[in-house]
$ cat start-v9.txt   # compact mmCIF, C-alpha atoms and all ligand atoms
# COMPACT_ATOMS: atom_id res chain seq x y z
CA MET A 1 24.17 5.39 -8.06
CA LYS A 2 21.71 8.27 -7.82
CA ALA A 3 19.13 8.75 -5.08
CA VAL A 4 16.80 11.61 -4.12
CA VAL A 5 17.95 12.78 -0.69
CA VAL A 6 16.80 15.55 1.64
CA HIS A 7 19.53 16.95 3.89
CA GLU A 8 17.75 20.15 4.94
CA VAL A 9 14.09 21.09 5.08
CA ASN A 10 12.76 21.88 1.57
CA ARG A 11 16.03 20.96 -0.19
CA ILE A 12 15.25 17.98 -2.44
CA GLU A 13 18.39 16.89 -4.28
CA VAL A 14 19.63 14.13 -6.53
CA ARG A 15 22.81 12.82 -4.86
CA GLU A 16 25.52 10.32 -5.66
CA VAL A 17 25.31 7.60 -3.01
CA THR A 18 26.55 4.07 -2.38
CA LEU A 19 24.41 1.06 -1.52
CA ASP A 20 25.56 -2.04 0.37
CA PRO A 21 24.49 -5.48 -0.82
CA PRO A 22 21.46 -7.05 0.89
CA LYS A 23 22.03 -8.81 4.21
CA ALA A 24 20.12 -11.92 5.35
CA GLY A 25 16.39 -11.50 4.78
CA GLU A 26 16.92 -8.51 2.49
CA VAL A 27 16.67 -7.88 -1.25
CA LYS A 28 18.22 -5.46 -3.73
CA ILE A 29 15.86 -4.04 -6.33
CA LYS A 30 16.72 -2.34 -9.62
CA MET A 31 14.02 0.32 -9.65
CA ALA A 32 11.89 0.71 -12.78
CA ALA A 33 9.37 3.35 -11.65
CA THR A 34 8.72 5.49 -8.56
CA GLY A 35 5.61 7.55 -7.93
CA VAL A 36 6.04 11.03 -6.47
CA CYS A 37 3.67 11.15 -3.49
CA HIS A 38 2.63 13.97 -1.21
CA SER A 39 4.10 12.00 1.70
CA ASP A 40 7.55 12.33 0.12
CA LEU A 41 7.03 16.08 0.20
CA SER A 42 5.77 15.91 3.80
CA MET A 43 9.02 14.16 4.67
CA ALA A 44 11.02 16.88 2.88
CA ASN A 45 9.18 19.96 4.16
CA GLY A 46 9.08 19.05 7.85
CA THR A 47 5.38 18.08 8.05
CA PHE A 48 6.42 14.60 9.22
CA PRO A 49 8.46 14.56 12.43
CA ASN A 50 11.34 12.40 11.10
CA PRO A 51 14.86 13.83 11.42
CA LEU A 52 16.87 14.52 8.27
CA PRO A 53 18.72 13.44 6.21
CA MET A 54 16.33 11.03 4.56
CA ALA A 55 16.35 9.38 1.14
CA LEU A 56 12.84 9.67 -0.33
CA GLY A 57 10.63 7.16 -2.12
CA HIS A 58 7.99 4.75 -0.84
CA GLU A 59 5.84 4.07 -3.94
CA GLY A 60 7.73 2.01 -6.47
CA ALA A 61 8.18 -1.05 -8.62
CA GLY A 62 11.28 -2.74 -9.95
CA ARG A 63 13.06 -6.03 -10.52
CA ILE A 64 14.91 -8.10 -7.94
CA GLU A 65 18.64 -7.82 -8.61
CA GLN A 66 20.03 -9.79 -5.69
CA VAL A 67 18.69 -11.60 -2.62
CA GLY A 68 20.26 -12.03 0.80
CA GLN A 69 20.55 -15.28 2.73
CA GLY A 70 17.28 -17.02 3.56
CA VAL A 71 15.06 -15.09 1.14
CA THR A 72 12.46 -17.40 -0.40
CA ASN A 73 9.55 -15.21 -1.57
CA VAL A 74 11.41 -13.72 -4.56
CA LYS A 75 14.42 -14.47 -6.79
CA PRO A 76 16.59 -12.34 -9.09
CA GLY A 77 14.63 -11.11 -12.12
CA ASP A 78 11.22 -11.13 -10.40
CA PRO A 79 9.17 -7.96 -10.88
CA VAL A 80 7.97 -6.61 -7.54
CA VAL A 81 5.98 -3.79 -6.01
CA LEU A 82 7.53 -2.30 -2.87
CA SER A 83 5.33 -1.99 0.21
CA PHE A 84 5.86 0.77 2.76
CA VAL A 85 4.28 -1.53 5.33
CA PRO A 86 6.18 -4.79 5.92
CA ASN A 87 4.23 -8.04 6.08
CA CYS A 88 6.06 -10.21 8.62
CA LYS A 89 3.11 -12.62 9.12
CA ASP A 90 4.37 -13.17 12.66
CA CYS A 91 3.66 -10.11 14.85
CA PHE A 92 0.63 -9.27 17.03
CA HIS A 93 -1.19 -7.50 14.16
CA CYS A 94 -0.16 -9.77 11.28
CA LEU A 95 -1.45 -12.76 13.28
CA ARG A 96 -4.79 -10.97 13.69
CA GLY A 97 -5.27 -10.27 9.97
CA GLU A 98 -4.23 -6.62 10.35
CA ALA A 99 -1.21 -6.69 8.03
CA HIS A 100 -1.42 -2.90 7.49
CA LEU A 101 -0.42 -2.44 11.14
CA CYS A 102 2.59 -4.81 11.06
CA GLU A 103 4.75 -3.98 14.08
CA LYS A 104 8.00 -4.23 12.10
CA LYS A 105 7.03 -0.92 10.45
CA ARG A 106 8.07 0.99 13.57
CA ILE A 107 11.77 0.18 13.06
CA LEU A 108 11.70 0.67 9.27
CA ASP A 109 10.03 4.08 9.69
CA THR A 110 13.17 5.33 11.45
CA GLY A 111 14.91 4.81 8.10
CA SER A 112 17.10 1.86 9.08
CA GLN A 113 16.70 -1.83 8.23
CA LEU A 114 15.34 -4.28 10.85
CA ASP A 115 18.82 -4.83 12.36
CA LYS A 116 18.94 -1.03 12.91
CA THR A 117 21.85 -0.55 10.49
CA HIS A 118 21.82 1.28 7.14
CA ARG A 119 22.60 0.18 3.57
CA LEU A 120 22.66 3.64 1.95
CA HIS A 121 25.64 5.94 2.44
CA GLU A 122 27.09 9.23 1.26
CA GLY A 123 30.82 9.01 1.84
CA ASN A 124 31.11 7.57 5.35
CA ALA A 125 27.72 8.85 6.51
CA ASP A 126 24.66 6.61 6.81
CA ILE A 127 21.59 7.89 4.98
CA PRO A 128 18.25 6.73 6.44
CA VAL A 129 15.67 5.69 3.82
CA MET A 130 11.96 6.53 3.93
CA ASN A 131 9.88 3.65 5.38
CA GLY A 132 12.95 1.40 5.11
CA LEU A 133 12.63 1.63 1.31
CA GLY A 134 14.12 4.85 -0.12
CA CYS A 135 13.05 3.78 -3.57
CA MET A 136 13.32 7.14 -5.33
CA ALA A 137 16.72 5.88 -6.44
CA GLU A 138 18.24 3.74 -9.15
CA TYR A 139 18.48 0.82 -6.71
CA ALA A 140 17.05 0.07 -3.27
CA VAL A 141 17.87 -2.49 -0.58
CA THR A 142 15.03 -3.43 1.75
CA GLN A 143 13.47 -6.30 3.65
CA SER A 144 12.12 -9.23 1.62
CA ILE A 145 8.88 -8.80 3.63
CA CYS A 146 8.53 -5.36 1.97
CA VAL A 147 8.26 -6.65 -1.60
CA VAL A 148 5.39 -8.40 -3.34
CA PRO A 149 6.03 -10.30 -6.60
CA ILE A 150 3.67 -9.42 -9.45
CA ASP A 151 2.66 -10.70 -12.88
CA PRO A 152 5.58 -10.07 -15.31
CA GLY A 153 3.14 -8.75 -17.93
CA ILE A 154 2.18 -5.67 -15.91
CA SER A 155 3.65 -2.28 -16.85
CA MET A 156 6.07 -1.23 -14.14
CA ARG A 157 4.96 2.40 -14.04
CA VAL A 158 1.40 1.29 -13.38
CA ALA A 159 2.57 -1.23 -10.78
CA ALA A 160 4.44 1.52 -8.91
CA LEU A 161 1.20 3.36 -8.10
CA VAL A 162 -0.12 0.31 -6.30
CA GLY A 163 2.65 0.75 -3.72
CA CYS A 164 0.88 3.75 -2.14
CA ALA A 165 -1.84 5.88 -3.77
CA VAL A 166 -4.03 3.19 -5.29
CA THR A 167 -3.87 0.69 -2.45
CA THR A 168 -4.51 3.51 0.04
CA GLY A 169 -7.39 5.18 -1.81
CA VAL A 170 -9.20 2.19 -3.27
CA GLY A 171 -8.62 0.25 -0.04
CA ALA A 172 -10.03 3.13 2.03
CA VAL A 173 -13.32 2.75 0.15
CA LEU A 174 -13.55 -1.03 -0.25
CA LYS A 175 -11.85 -2.26 2.92
CA THR A 176 -11.82 0.53 5.53
CA ALA A 177 -15.16 2.30 4.97
CA GLN A 178 -16.79 -0.59 3.06
CA VAL A 179 -18.94 1.75 0.95
CA LYS A 180 -22.29 0.21 0.00
CA PRO A 181 -23.79 0.34 -3.52
CA GLY A 182 -26.13 3.28 -4.08
CA SER A 183 -24.57 5.45 -1.39
CA THR A 184 -23.26 9.02 -1.48
CA VAL A 185 -19.55 9.73 -1.14
CA ALA A 186 -17.60 12.98 -0.72
CA VAL A 187 -13.82 13.10 -1.23
CA PHE A 188 -11.77 15.99 0.13
CA GLY A 189 -8.55 16.33 -1.88
CA CYS A 190 -8.13 15.09 -5.46
CA GLY A 191 -4.44 14.15 -5.67
CA GLY A 192 -3.26 10.60 -6.31
CA VAL A 193 -4.99 9.21 -3.22
CA GLY A 194 -8.19 11.24 -3.73
CA ILE A 195 -8.47 10.10 -7.37
CA SER A 196 -7.99 6.52 -6.13
CA VAL A 197 -10.79 7.04 -3.58
CA ILE A 198 -13.02 8.22 -6.45
CA GLN A 199 -12.15 5.14 -8.51
CA GLY A 200 -12.85 2.94 -5.48
CA ALA A 201 -16.23 4.64 -5.01
CA VAL A 202 -17.10 3.90 -8.65
CA LEU A 203 -16.15 0.24 -8.11
CA ALA A 204 -18.30 0.15 -4.95
CA GLY A 205 -21.31 1.37 -6.94
CA ALA A 206 -21.69 4.73 -5.19
CA GLN A 207 -24.56 6.75 -6.64
CA GLN A 208 -23.11 10.21 -6.02
CA ILE A 209 -19.38 10.95 -5.80
CA ILE A 210 -18.61 14.53 -4.79
CA ALA A 211 -15.03 15.71 -5.38
CA VAL A 212 -13.75 18.65 -3.31
CA ASP A 213 -10.52 20.52 -4.06
CA LEU A 214 -9.16 24.06 -4.24
CA ASN A 215 -7.69 23.42 -7.69
CA GLU A 216 -10.15 23.55 -10.63
CA ASP A 217 -7.89 21.43 -12.87
CA LYS A 218 -7.90 18.67 -10.27
CA LEU A 219 -11.70 18.86 -10.10
CA GLU A 220 -11.87 18.42 -13.89
CA MET A 221 -9.57 15.42 -13.56
CA ALA A 222 -11.76 14.02 -10.75
CA LYS A 223 -14.76 14.07 -13.10
CA LYS A 224 -12.84 12.05 -15.68
CA PHE A 225 -12.30 9.34 -13.05
CA GLY A 226 -15.97 9.17 -12.08
CA ALA A 227 -16.84 12.08 -9.75
CA THR A 228 -20.48 13.05 -10.37
CA HIS A 229 -20.13 16.46 -8.71
CA ALA A 230 -17.22 18.86 -8.24
CA VAL A 231 -17.12 21.38 -5.41
CA LYS A 232 -14.44 24.09 -5.26
CA ALA A 233 -13.33 24.13 -1.62
CA SER A 234 -14.49 27.17 0.34
CA ASP A 235 -16.23 28.11 3.58
CA ALA A 236 -19.46 26.96 1.92
CA THR A 237 -18.23 23.41 1.12
CA VAL A 238 -20.30 21.67 3.79
CA LYS A 239 -23.43 23.59 2.75
CA GLU A 240 -22.86 22.65 -0.89
CA ILE A 241 -22.45 18.96 -0.05
CA ARG A 242 -25.65 19.08 2.01
CA GLY A 243 -27.39 20.68 -0.98
CA ILE A 244 -26.27 17.84 -3.28
CA THR A 245 -27.25 15.12 -0.78
CA ASN A 246 -30.84 16.12 -0.04
CA ARG A 247 -29.72 18.21 2.98
CA LYS A 248 -28.52 15.07 4.77
CA GLY A 249 -24.77 15.07 4.19
CA ALA A 250 -22.86 12.23 2.50
CA ASP A 251 -23.09 8.63 3.70
CA TYR A 252 -19.30 8.38 3.48
CA THR A 253 -16.67 11.12 3.47
CA PHE A 254 -12.92 10.77 2.93
CA GLU A 255 -10.26 13.26 3.96
CA ALA A 256 -7.28 12.76 1.62
CA ILE A 257 -5.22 15.85 2.49
CA GLY A 258 -4.07 15.70 6.11
CA LEU A 259 -5.34 18.99 7.53
CA ALA A 260 -7.33 19.17 10.78
CA ALA A 261 -9.55 21.96 9.43
CA VAL A 262 -10.50 19.75 6.48
CA VAL A 263 -11.17 16.76 8.78
CA GLU A 264 -13.66 18.97 10.65
CA GLN A 265 -15.30 19.90 7.34
CA ALA A 266 -15.45 16.28 6.20
CA TYR A 267 -16.96 15.26 9.53
CA ALA A 268 -19.55 18.06 9.27
CA ALA A 269 -20.38 16.99 5.69
CA THR A 270 -21.05 13.40 6.85
CA ARG A 271 -24.70 12.55 7.42
CA ASN A 272 -25.83 11.51 10.89
CA GLY A 273 -24.93 7.85 11.32
CA GLY A 274 -22.49 8.08 8.40
CA LYS A 275 -18.77 7.40 8.29
CA CYS A 276 -15.87 9.84 7.94
CA THR A 277 -12.56 8.18 7.02
CA ILE A 278 -9.28 10.06 7.51
CA VAL A 279 -6.66 9.02 4.98
CA GLY A 280 -4.48 12.16 4.74
CA MET A 281 -1.53 12.34 7.09
CA GLY A 282 -0.58 15.76 8.42
CA LYS A 283 1.28 17.41 11.27
CA LYS A 284 1.47 15.98 14.79
CA ASP A 285 0.40 19.28 16.36
CA ASP A 286 -2.46 19.96 13.93
CA ARG A 287 -5.47 18.98 16.07
CA PHE A 288 -9.13 18.67 15.17
CA SER A 289 -11.92 18.89 17.71
CA PHE A 290 -15.57 17.93 18.12
CA ASP A 291 -17.94 18.86 20.88
CA SER A 292 -18.96 16.29 23.48
CA PHE A 293 -22.65 17.02 23.10
CA THR A 294 -23.23 16.39 19.39
CA PHE A 295 -20.58 13.69 18.81
CA PRO A 296 -22.73 10.92 20.38
CA LEU A 297 -25.95 12.66 19.32
CA PHE A 298 -25.09 12.50 15.58
CA ALA A 299 -23.70 8.96 15.93
CA LYS A 300 -21.17 9.39 13.11
CA THR A 301 -18.13 7.14 12.83
CA LEU A 302 -14.75 8.85 12.58
CA CYS A 303 -12.15 6.39 11.36
CA GLY A 304 -8.38 6.50 10.74
CA CYS A 305 -7.15 4.65 7.68
CA LEU A 306 -3.61 3.38 7.09
CA TYR A 307 -2.79 1.88 3.69
CA GLY A 308 -6.46 1.14 2.97
CA ASN A 309 -6.38 -1.71 5.54
CA ALA A 310 -4.36 -3.58 2.92
CA ASN A 311 -2.70 -6.92 3.15
CA PRO A 312 -0.05 -6.13 0.50
CA SER A 313 0.60 -9.78 -0.45
CA VAL A 314 -3.07 -10.20 -1.36
CA ASP A 315 -4.18 -6.70 -2.28
CA PHE A 316 -1.35 -5.59 -4.61
CA PRO A 317 -2.11 -8.44 -7.06
CA ALA A 318 -5.86 -7.81 -6.54
CA MET A 319 -5.50 -4.11 -7.47
CA LEU A 320 -3.43 -5.04 -10.54
CA ASN A 321 -6.11 -7.57 -11.57
CA LEU A 322 -8.72 -4.81 -11.39
CA TYR A 323 -6.44 -2.73 -13.62
CA SER A 324 -5.98 -5.61 -16.11
CA GLU A 325 -9.76 -6.06 -16.26
CA GLY A 326 -10.20 -2.37 -17.09
CA LYS A 327 -11.91 -1.59 -13.78
CA LEU A 328 -9.20 0.75 -12.48
CA ASP A 329 -7.64 3.38 -14.74
CA LEU A 330 -4.08 3.48 -13.43
CA GLU A 331 -2.38 4.49 -16.68
CA GLY A 332 -4.65 7.56 -16.82
CA MET A 333 -3.45 8.65 -13.39
CA ILE A 334 0.10 9.08 -14.69
CA THR A 335 -0.01 12.66 -15.94
CA ASN A 336 3.78 13.20 -16.27
CA THR A 337 6.95 11.13 -16.24
CA TYR A 338 10.42 12.27 -15.24
CA THR A 339 14.02 11.07 -15.15
CA ILE A 340 15.61 10.84 -11.70
CA ASP A 341 17.56 14.04 -12.46
CA GLU A 342 14.20 15.78 -12.92
CA ALA A 343 12.93 14.73 -9.47
CA PRO A 344 13.00 18.29 -8.02
CA GLN A 345 10.82 19.41 -10.97
CA ALA A 346 8.42 16.53 -10.30
CA PHE A 347 7.89 17.88 -6.77
CA GLU A 348 7.35 21.42 -8.09
CA ASP A 349 4.74 20.11 -10.52
CA MET A 350 2.97 18.22 -7.72
CA VAL A 351 2.85 21.34 -5.56
CA GLY A 352 1.58 23.28 -8.58
CA GLY A 353 -1.34 20.84 -8.88
CA LEU A 354 -0.27 19.66 -12.36
CA ASN A 355 -0.28 15.93 -11.63
CA ALA A 356 -2.63 13.20 -10.53
CA ARG A 357 0.61 11.24 -10.32
CA GLY A 358 4.07 12.10 -11.56
CA VAL A 359 6.25 9.04 -12.01
CA ILE A 360 10.05 8.80 -12.18
CA LEU A 361 11.23 6.22 -14.72
CA TYR A 362 14.69 4.64 -14.75
CA GLU A 363 14.63 2.57 -17.94
ZN ZN B 1 2.49 7.81 -0.54
ZN ZN B 2 3.88 -8.12 11.19

$ encode --input "start-v9.txt" --output "structure tokens"
Amino acid sequence: MKAVVVHEVNRIEVREVTLDPPKAGEVKIKMAATGVCHSDLSMANGTFPNPLPMALGHEGAGRIEQVGQGVTNVKPGDPVVLSFVPNCKDCFHCLRGEAHLCEKKRILDTGSQLDKTHRLHEGNADIPVMNGLGCMAEYAVTQSICVVPIDPGISMRVAALVGCAVTTGVGAVLKTAQVKPGSTVAVFGCGGVGISVIQGAVLAGAQQIIAVDLNEDKLEMAKKFGATHAVKASDATVKEIRGITNRKGADYTFEAIGLAAVVEQAYAATRNGGKCTIVGMGKKDDRFSFDSFTFPLFAKTLCGCLYGNANPSVDFPAMLNLYSEGKLDLEGMITNTYTIDEAPQAFEDMVGGLNARGVILYE
């Protein structure tokens, strides 16, 4: 079968690979759709510290093809969304209602399965898979605790987006920051996650939603999804946001890029007593700083956000219900579709700012 594999930094290739059947507690999925996310690129271009090779893909939907021994949550034929955070319901965090921090993620993030062996191979070599999924491929084998069954009526390409961008962005607003109706929101970065933050802010009843990006096309797109103001990123961004928000700064800001310099801007654009939520994931050595005098004085909250504080088993179906009710425009986020052979082009288009979301389709 075909999978998108990175062997060297910045070399994204479609490769012929082999996939073992699922072991106990695992499932095999015939992929239907995979979103192309900036985190896939961060894995490929060395932003993330993981060693290569790595098979990409962490935002996808498909149908269960085969289940390993002891799997009870899904059966062959079930449509599922893959989750890049497992949901073991048994670890320190899962037991405390913090499913997004499930401790089993640590092993899967190395690219192996929970027993520390690999299912994907090229010749005799093991190929680690991103987040234990590697779902930018015709098939994927992963843990049964990494799939969530969904309503069979839902379009698979829409369902795929719920696996990362939508759950992250909408969740950041509704669950992490808990934006109040009537408030002001600024979003730095208008890719798939940023657009999802904007849609979440609309759902939360925000009064002003300020989109910030370097790319004018993305700002136009942001307005279509509910941004009330668009600010082209520059040295004057913070000043502009203060101008729009009665010189106070925004009640809530979201950093959806993963750059320390932008985190500092987002923090500066947050009003005193407001909340700055960091969603974008960047480099380990890219450090932001705040001074010890004004940090307590301004009493702002600076908050990290993983997966929108989601509990995938509950929140994936909830996001898809919002879509079915017309409250989230997920179809509109899909600006281009590709075959798996066109995956390298999909990454080029993302870098070029052409897509809210590009999606690879297999059927
Ligand atoms: Zn992602
Ligand atoms: Zn857990």

$ closest_residue --input "start-v9.txt" --among "A:Cys94, A:Val14, A:Val85, A:Leu328" --to "Gly132 of chain A" --atoms "all atoms listed in the file"
A:Val85

$ residues_around --input "start-v9.txt" --residues "segment 133-138 of chain A" --least-positions-apart "4" --cutoff "8 Å" --atoms "all atoms listed in the file" --output "PyMOL selection string"
chain A and resi 1-4+30-32+34+55-60+82+84+111+128-129+142+340+360+362

$ residues_near_ligand --input "start-v9.txt" --ligand "ligand ZN 1 (chain B)" --cutoff "6 Å" --atoms "only C-alpha atoms and all ligand atoms" --output "PDB file with C-alpha atoms, keeping the file's coordinate frame"
ATOM      1  CA  CYS A  37       3.670  11.150  -3.490  1.00  0.00           C
ATOM      2  CA  SER A  39       4.100  12.000   1.700  1.00  0.00           C
ATOM      3  CA  CYS A 164       0.880   3.750  -2.140  1.00  0.00           C
ATOM      4  CA  ALA A 165      -1.840   5.880  -3.770  1.00  0.00           C
TER       5      ALA A 165
END

$ residues_around --input "start-v9.txt" --residues "Asp213 of chain A" --least-positions-apart "6" --cutoff "6 Å" --atoms "only C-alpha atoms" --output "PyMOL selection string"
chain A and resi 189+232-233

$ closest_residue --input "start-v9.txt" --among "A:Thr301, A:Asn311, A:Ser196, A:Thr253" --to "ligand ZN 2 (chain B)" --atoms "only C-alpha atoms and all ligand atoms"
A:Asn311

$ closest_residue --input "start-v9.txt" --among "A:Cys91, A:Val351, A:Met333, A:Ala250" --to "Asn215 of chain A" --atoms "all atoms listed in the file"
A:Val351

$ closest_atom_pairs --input "start-v9.txt" --of "chain A" --to "ligand ZN 2 (chain B)" --cutoff "7 Å" --atoms "all atoms listed in the file" --output "tab-separated table"
residue	atom	partner	partner_atom	distance
A:Pro86	CA	B:ZN2	ZN	6.6
A:Asn87	CA	B:ZN2	ZN	5.1
A:Cys88	CA	B:ZN2	ZN	4.0
A:Lys89	CA	B:ZN2	ZN	5.0
A:Asp90	CA	B:ZN2	ZN	5.3
A:Cys91	CA	B:ZN2	ZN	4.2
A:Phe92	CA	B:ZN2	ZN	6.8
A:His93	CA	B:ZN2	ZN	5.9
A:Cys94	CA	B:ZN2	ZN	4.4
A:Ala99	CA	B:ZN2	ZN	6.2
A:Cys102	CA	B:ZN2	ZN	3.6
A:Glu103	CA	B:ZN2	ZN	5.1
A:Lys104	CA	B:ZN2	ZN	5.7

$ closest_residue --input "start-v9.txt" --among "A:Leu101, A:Ile107, A:Ala160, A:Val185" --to "Gln143 of chain A" --atoms "only C-alpha atoms"
A:Ile107

$ residues_around --input "start-v9.txt" --residues "Thr167 of chain A" --least-positions-apart "6" --cutoff "9 Å" --atoms "only C-alpha atoms" --output "PDB file with C-alpha atoms, in the frame of the given file"
ATOM      1  CA  LEU A 161       1.200   3.360  -8.100  1.00  0.00           C
ATOM      2  CA  VAL A 193      -4.990   9.210  -3.220  1.00  0.00           C
ATOM      3  CA  SER A 196      -7.990   6.520  -6.130  1.00  0.00           C
ATOM      4  CA  TYR A 307      -2.790   1.880   3.690  1.00  0.00           C
ATOM      5  CA  GLY A 308      -6.460   1.140   2.970  1.00  0.00           C
ATOM      6  CA  ASN A 309      -6.380  -1.710   5.540  1.00  0.00           C
ATOM      7  CA  ALA A 310      -4.360  -3.580   2.920  1.00  0.00           C
ATOM      8  CA  PRO A 312      -0.050  -6.130   0.500  1.00  0.00           C
ATOM      9  CA  ASP A 315      -4.180  -6.700  -2.280  1.00  0.00           C
ATOM     10  CA  PHE A 316      -1.350  -5.590  -4.610  1.00  0.00           C
ATOM     11  CA  MET A 319      -5.500  -4.110  -7.470  1.00  0.00           C
TER      12      MET A 319
END

$ atom_distance --input "start-v9.txt" --atom1 "atom CA of Asp151 of chain A" --atom2 "atom CA of Gln66 of chain A"
18.8 Å

$ atom_distance --input "start-v9.txt" --atom1 "atom CA of Lys23 of chain A" --atom2 "atom CA of Arg106 of chain A"
19.5 Å

$ closest_residue --input "start-v9.txt" --among "A:Gly153, A:Gly273, A:Gly194, A:Gly62" --to "Tyr252 of chain A" --atoms "only C-alpha atoms"
A:Gly273

$ atom_distance --input "start-v9.txt" --atom1 "atom CA of Ala44 of chain A" --atom2 "atom CA of Ile12 of chain A"
6.9 Å

$ residues_near_point --input "start-v9.txt" --point "(-18.9, 5.9, 7.1)" --cutoff "10 Å" --atoms "only C-alpha atoms" --output "PyMOL selection string"
chain A and resi 173+176-180+185+250-254+267+270-277+300-303

$ residues_near_point --input "start-v9.txt" --point "(-12.7, 19.2, 8.7)" --cutoff "12 Å" --atoms "all atoms listed in the file" --output "ChimeraX atom specification"
/A:187-189,233-235,237-238,253-270,276-278,280,286-290,302

$ residues_around --input "start-v9.txt" --residues "Val36 of chain A" --least-positions-apart "4" --cutoff "7 Å" --atoms "only C-alpha atoms" --output "PyMOL selection string"
chain A and resi 40+357-359

$ write_last_selection --input "start-v9.txt" --atoms "C-alpha atoms" --output "PDB file, in the coordinates of the input"
ATOM      1  CA  ASP A  40       7.550  12.330   0.120  1.00  0.00           C
ATOM      2  CA  ARG A 357       0.610  11.240 -10.320  1.00  0.00           C
ATOM      3  CA  GLY A 358       4.070  12.100 -11.560  1.00  0.00           C
ATOM      4  CA  VAL A 359       6.250   9.040 -12.010  1.00  0.00           C
TER       5      VAL A 359
END
